[in-house]
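These notes concern the structure reproduced below.
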Amino acid sequence: MAKRVLVRFTEIVCPPGASAERVLAEFELLAAALRPGARWMLLAAFAAFDQGARLYPAARGRRFARLDDQVADAYLRKVLGRGDGVAELVERLKGMVVMCYYELPEAKAAIGYAPEPYIAMVSRRRLERYGDDIRAAES
Amino acid sequence: MISVPGVITGADVAADLRVDCDVVVVGSGAGGATMAAELAAAGVSVVLIEEGGYHQTESFGAQSVRALRTLYRDGGGGMAIGKPSVLFAEGRCVGGSTVVNGGMSWRTPPPVLARWAAADGIRDIGEDAMAPFFDEAEAWLSVAEQDPETIGRDSELLYAGARSLGWRIVANRRNQLHCAGTNNCNNGCPTGAKRSMLVTAVPRALAHGTRLYADCRVERVTLDARGRAAGVTGRFRGQDGRRGSALSVRAKVVVVAGGAVQTPALLARSGVKPAARQLGRNLAMHPNANVIAFFDENVTGWHGVHQAYQVREFQSDGIILTANNLAPPMLAALMPGHGRELGELMAGYNHVVTAGPLIEDSGAGRVRTLPGLGAQVFYQLSDRDAARVVRGVELTATAMFAAGARRVLLPVDGAPALHSLDEVRRLLAAPVPARALRVFSVHLMGTARMSEDVRRGVVDSYGEFHGVHGLFVCDASLFPGPTGLNPMLTIIALAVRNARYLRDRCGDYSL
């Protein structure tokens, strides 16, 4: 998959200010976990999505990667609204990319999600309250 | 390198391996690990093989995408093809899906057991016959309700909404030893409080001498000249993810426990076919859908246990409702919109409750092996099930508004944010095509179903393949139909039962 297309897609689907490079680093790891057939289907759908923009009147013959923000956003909405197989796969690709965005620490922090201190706190509480019970059960 | 006695990972293996044992078990989830532990404790020589990696409790954290990559099959992105397609997730690690599930531990409803006995002539499956196995399983899994301080605000809101409507709502029973309420179930429990197979049956099996091979994909079940189970062959995944060394296991009994997708796929590619052509058919999925409800108050749904309650008011109609907080990556993937709009929706993350129905389905999907794609799931939501999903969504929205929600997002393509129950009812009053529903599943069942009738089933009452001596199935593939509730405890109880059956007939298998 052309990196430029993925970067552009990331810029459009993620909230403003996302670091496309860092999102894509996560995305590449996640995509590598897919089985080859699924990865191939996603890539094929994505290529079709990129080139299909040429048929979108407002794109004036350009592929998705070369569209400005407004036209790229409108084209994406149009494709997602079609409800066909390509739309389903593009929706899935969008889901994967935004998942990777919200895996980034700064994205979690921006929405007030800080699980590590919470996990540490309740883990301590568990041992303080039930330590004897737990040790007895696990012995 | 993992230095746990009895555990051999892909990184530990430098050359092809050949091993002998009495019983080889393929898959270390609820069924396989339980079977391995039970047989090993009875003195049987057991080899347990797991395709996924061996990840210990200390490695589990709050990185959801990392968990998807390392603990789930296909990055958690399974997709059953249909209209709508159904996303599904399966664990792929030592401990299987029990490592990443919510830990709900419910006995099979007696009417379901009665139905299985009546339709398929299954022996020793009634409520009384199964009770001792459930008792045992609940004891070693520490099945209990949550300690009260671990119940989160999202669960409290579902409870409040349901109670205000006069609905029956029950506290969840979970396999947990004083769960801390980290809300990290789906990424692996970071305290070990969730009594997954990783911290229960697998260590027990190892303590009784089981050899566990992780990072090893079983490619075929082998049969001897008489058509009896003779072992398996597989291949390790090397450290760099490439094909590693080969594993060949010679055994007197083969137990396949790879789950409802991989089990029929393995049997099919091994050339093991039942007379009735039922292998891979009859797939049930318990379709789920999520309503995203926004509240004025700070819910902080990640403070507290994954699921504390189930609304059972509509169980007889095949619908139960739950609230389960989703980590930001998962919620973002469900949200409509993108870009700035997505950012604005996600800014309300700490004010969100995600809740929805789990449907006892009547449809039947199929697992097929396709060239180049491997095991592929096909599943069509039936009209009746789609209607149940729609009703479940409306009921969930009803509970959320009763609890004080200000707006909801429904799992229906193109649906706008709705600000009152009237708006929800108006939207759902018009026919909602099944293909517009966004559904997912974490309960796959029934693709190698038990039946004493060889025309209907793949295996007999105790999981032995019809027509192949010594070949057993031991996972949710066995189920003759959906349970309507979380299936883990049913899988485990059946595994205990079937292990005892096998143990008591060691002579038949030369064990």
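Every chain in the structure tokens has a letter given in the order shown (A, B, ...), and although residue numbers restart at 1 in each chain, ligands are simply numbered from 1 in the order shown.
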Assign secondary structure with DSSP using the backbone only, and return the residues of region 42-268 of chain B in helix (DSSP H, G or I) as a PyMOL selection string. chain B and resi 57-59+64-71+73-76+96-99+110-120+127-140+148-150+153-164+185-187+197-199+201-207+259-268
What are the residues of chain A lining chain B at 8 Å or less? Count only C-alpha atoms, and put the answer as an NGL selection string. :A and (11-16 or 29-31 or 33-38 or 81 or 94-96 or 98-103 or 108 or 110-113 or 115-116 or 118-119 or 122-123 or 125-126 or 130 or 134)
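Picture a line from CA of Lys252 (chain B) to CA of Ala36 (chain B); it runs 14.1 Å.
One distance worth recording is that between CA of Arg228 (chain B) and CA of Gly470 (chain B), which is 6.3 Å.
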Long-range neighbours of Val86 (chain A) as a PDB file with C-alpha atoms, in the first residue's frame, 8 Å cut-off, only C-alpha atoms, 6 positions minimum in chain:
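Written out: selection-v4.pdb:
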ATOM      1  CA  ALA A  45     -10.214  -2.176  -1.155  1.00  0.00           C
ATOM      2  CA  ALA A  48      -9.854   0.855  -5.149  1.00  0.00           C
ATOM      3  CA  PHE A  49     -10.804   3.629  -2.745  1.00  0.00           C
ATOM      4  CA  VAL A  79     -17.938   6.074  -0.193  1.00  0.00           C
TER       5      VAL A  79
END
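From CA of Ser461 (chain B) back to CA of Ile49 (chain B), the distance works out to 24.3 Å.
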